[in-house]
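K.L.:
One structure, pasted below without further comment.
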Amino acid sequence: MKQILLERPAANHIFIPKRVFMEPAALEYELGQRLREQFRAEGIPVTVTGSHNRVTGIPGTTPQEAFLESKRTLVVGVRRGKDFQTCKPSAHYQLPLVTSCPGKCEYCYLLTNLGKKPYIRLYVNIEEILDRAKEYIIEYLPRETIFEGAATSDPIPVEHYTGALKQAIEFFGGQEHARFRFVTKFSDVDSLLDAKHNGRTRFRFSLNTDYVIRQFEHGTPPMHERVAAAGKVAQAGYPLGFLVAPIVLYDGWQQGYQELFEELYRVLDLVSQQDLTFEFITHRFTQRAKTNILDIFPNCRLDMDEEKRQFKFGQFGYGKYVYPKDSMAEVKEFMQGMVDRYFPAAKVEYLV
Ligand code: SF4
């Protein structure tokens, strides 16, 4: 099992599901019909299922198998709920286009949020979802409403099937009183480069050192590919952001993160440095996350020794284990130093 988990996908990381489930209602939409035909033509089994919330038929007798098979399962549905989830503190609302992601990062927050079968789910009623976003925008005028497109997913891997992200980017491009943001670890961004974003979407990349990506972020592109994709996005004039997370304090972490900044500096041109944000999140875990991680990745090499951490109550009421004060201070100084040195015009949004 360990060997399967560490297997790297095709070099381009294009997601192709092993099986697809479709809600009958999804077939009432042009996109649903097109996807069914496309999957069938590609020889991918398509099963019509009752509800996108109760999917049965994903194989797997162990937690690891169920996890892996779910990550290769796509569910195509219709979003019915009228309201969007809030998304504090970084945005006002989540934009619900996709849930989950084919990546297999050992510390993924979705391991705790999506249960034992984190299959990928996308919605075909994109226009209705954007219409609802428009209602929120109007409701809160003259305030600017901010929407987050990656609160429960990485939206890029299924973009080549739906074009939903591009549609959302162009929708927000035409909204004077709204902004859009999302984050990805993937590099398949070409279809988004000519989107009419009008500077209203902040395109963020989640980055880490080569070591951390190799060790823990299975099924995702290497650092240099993400940075190259960021270079293209910068050229396309998007406001750009980097989420460096989770910062892991392994032996030699300073050198690893310095190499990351050097690569960013090498690839990004001066223009892009004018509207650039950084977010930094150090590695932390809850007791529940640790249990879930070890269930799926029994040989996980993440250091989750509670004795070496500081216990802190989070804003949502549960406790988490963070690095001790001294280490946090060291990380802060180091990362701020990197930004000052390589991207002095950039804004550090936060470091936690
Ligand atoms: S790429 Fe992001 S959403 Fe996907 S598994 Fe990794 S951390 Fe989770």
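In the structure tokens, chains take the letters A, B, ... in the order shown, each chain's residues start at 1, and ligands count up from 1 in the order shown.
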Please return as a count of residues only the residues found within 7 Å of ligand 1, counting only C-alpha atoms and all ligand atoms.
P.N.:
16
K.L.:
Taking 6 positions as the minimum chain separation for residues in the same chain, which residues sit within 12 Å of Glu42 of chain A when counting only C-alpha atoms? Answer as a ChimeraX atom specification.
P.N.:
/A:16-20,35-36
K.L.:
How would the residues just picked look written out with N, CA, C and O atoms as a PDB file, in the first residue's frame?
P.N.:
ATOM      1  N   ILE A  16      -7.554  12.097 -14.545  1.00  0.00           N
ATOM      2  CA  ILE A  16      -8.504  11.296 -15.327  1.00  0.00           C
ATOM      3  C   ILE A  16      -9.133  10.302 -14.359  1.00  0.00           C
ATOM      4  O   ILE A  16      -8.433   9.463 -13.782  1.00  0.00           O
ATOM      5  N   PRO A  17     -10.434  10.401 -14.104  1.00  0.00           N
ATOM      6  CA  PRO A  17     -11.030   9.509 -13.106  1.00  0.00           C
ATOM      7  C   PRO A  17     -11.063   8.058 -13.579  1.00  0.00           C
ATOM      8  O   PRO A  17     -11.038   7.785 -14.777  1.00  0.00           O
ATOM      9  N   LYS A  18     -11.129   7.158 -12.601  1.00  0.00           N
ATOM     10  CA  LYS A  18     -11.236   5.737 -12.917  1.00  0.00           C
ATOM     11  C   LYS A  18     -12.721   5.368 -13.085  1.00  0.00           C
ATOM     12  O   LYS A  18     -13.071   4.445 -13.775  1.00  0.00           O
ATOM     13  N   ARG A  19     -13.553   6.106 -12.373  1.00  0.00           N
ATOM     14  CA  ARG A  19     -15.010   5.880 -12.469  1.00  0.00           C
ATOM     15  C   ARG A  19     -15.734   7.201 -12.202  1.00  0.00           C
ATOM     16  O   ARG A  19     -15.189   8.069 -11.495  1.00  0.00           O
ATOM     17  N   VAL A  20     -16.917   7.294 -12.778  1.00  0.00           N
ATOM     18  CA  VAL A  20     -17.698   8.528 -12.601  1.00  0.00           C
ATOM     19  C   VAL A  20     -19.108   8.158 -12.160  1.00  0.00           C
ATOM     20  O   VAL A  20     -19.694   7.196 -12.670  1.00  0.00           O
ATOM     21  N   LEU A  35     -20.254  15.889 -20.427  1.00  0.00           N
ATOM     22  CA  LEU A  35     -19.292  15.106 -19.640  1.00  0.00           C
ATOM     23  C   LEU A  35     -19.592  13.619 -19.761  1.00  0.00           C
ATOM     24  O   LEU A  35     -18.692  12.805 -19.898  1.00  0.00           O
ATOM     25  N   ARG A  36     -20.884  13.274 -19.711  1.00  0.00           N
ATOM     26  CA  ARG A  36     -21.213  11.844 -19.835  1.00  0.00           C
ATOM     27  C   ARG A  36     -20.685  11.293 -21.160  1.00  0.00           C
ATOM     28  O   ARG A  36     -20.058  10.238 -21.191  1.00  0.00           O
TER      29      ARG A  36
END
K.L.:
Identify all residues of segment 155-325 of chain A in helix (DSSP H, G or I) (DSSP on the backbone) and supply them as a VMD selection string.
P.N.:
chain A and resid 159 to 162 164 to 173 190 to 192 210 to 216 223 to 235 253 to 267 271 to 274 287 to 296 306 to 308 325
K.L.:
Fewer than 3 positions away in the same chain doesn't count, so skip those; otherwise give me all residues within 6 Å of segment 129-144 of chain A, counting only C-alpha atoms, as a ChimeraX atom specification.
P.N.:
/A:126,177-178
K.L.:
Okay, now the selection with N, CA and C atoms, as a short mmCIF file (atom, residue, chain, number, x, y, z; two decimals), in the first residue's frame?
P.N.:
data_model
loop_
_atom_site.label_atom_id
_atom_site.label_comp_id
_atom_site.auth_asym_id
_atom_site.auth_seq_id
_atom_site.Cartn_x
_atom_site.Cartn_y
_atom_site.Cartn_z
N ILE A 126 -23.25 25.70 -12.98
CA ILE A 126 -22.32 26.80 -12.68
C ILE A 126 -23.02 28.15 -12.79
N HIS A 177 -17.99 45.16 -7.66
CA HIS A 177 -18.03 45.12 -6.20
C HIS A 177 -17.74 43.74 -5.63
N ALA A 178 -16.95 42.98 -6.33
CA ALA A 178 -16.58 41.65 -5.81
C ALA A 178 -15.15 41.32 -6.20
#
K.L.:
I need the strand (DSSP E) residues of segment 247-302 of chain A per DSSP on the backbone, written as a list in words.
P.N.:
Ile247, Leu276, Thr277, Phe278, Glu279, Phe280, Ile281 and Thr282 of chain A
K.L.:
Would you tabulate, counting only C-alpha atoms, all residues of segment 194-293 of chain A that have an atom at most 8 Å from an atom of segment 302-321 of chain A, showing the closest pair of atoms and their distance in Å to one decimal, sorted by chain then ascending number, as a Markdown table?
P.N.:
| residue | atom | partner | partner_atom | distance |
| --- | --- | --- | --- | --- |
| A:Phe216 | CA | A:Leu302 | CA | 7.9 |
| A:Arg284 | CA | A:Tyr321 | CA | 5.4 |
| A:Phe285 | CA | A:Tyr321 | CA | 5.4 |
| A:Thr286 | CA | A:Lys320 | CA | 4.5 |
| A:Gln287 | CA | A:Lys320 | CA | 7.2 |
| A:Lys290 | CA | A:Met304 | CA | 7.3 |
K.L.:
Could the residues in this selection be written to a file with C-alpha atoms, as a CSV table (one decimal), in the first residue's frame?
P.N.:
chain,number,residue,atom,x,y,z
A,216,PHE,CA,4.2,14.5,1.9
A,284,ARG,CA,0.0,22.3,13.1
A,285,PHE,CA,-2.2,19.4,13.8
A,286,THR,CA,-5.2,18.5,15.9
A,287,GLN,CA,-5.5,15.2,17.7
A,290,LYS,CA,-3.2,13.0,13.6
K.L.:
Point out the residue among A:Tyr161, A:Phe84, A:Tyr123, A:Phe147 with the least atom-to-atom distance to Arg34 of chain A, counting only C-alpha atoms.
P.N.:
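Closest candidate: A:Tyr161.
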K.L.:
Quick one: residues within 8 Å of segment 198-215 of chain A, only C-alpha atoms counted, chain neighbours fewer than 6 positions away excluded, as an MDAnalysis selection string?
P.N.:
chainID A and resid 169 172:174 178:186 222:223 226 230 233 237:248 256:257 259:260 301
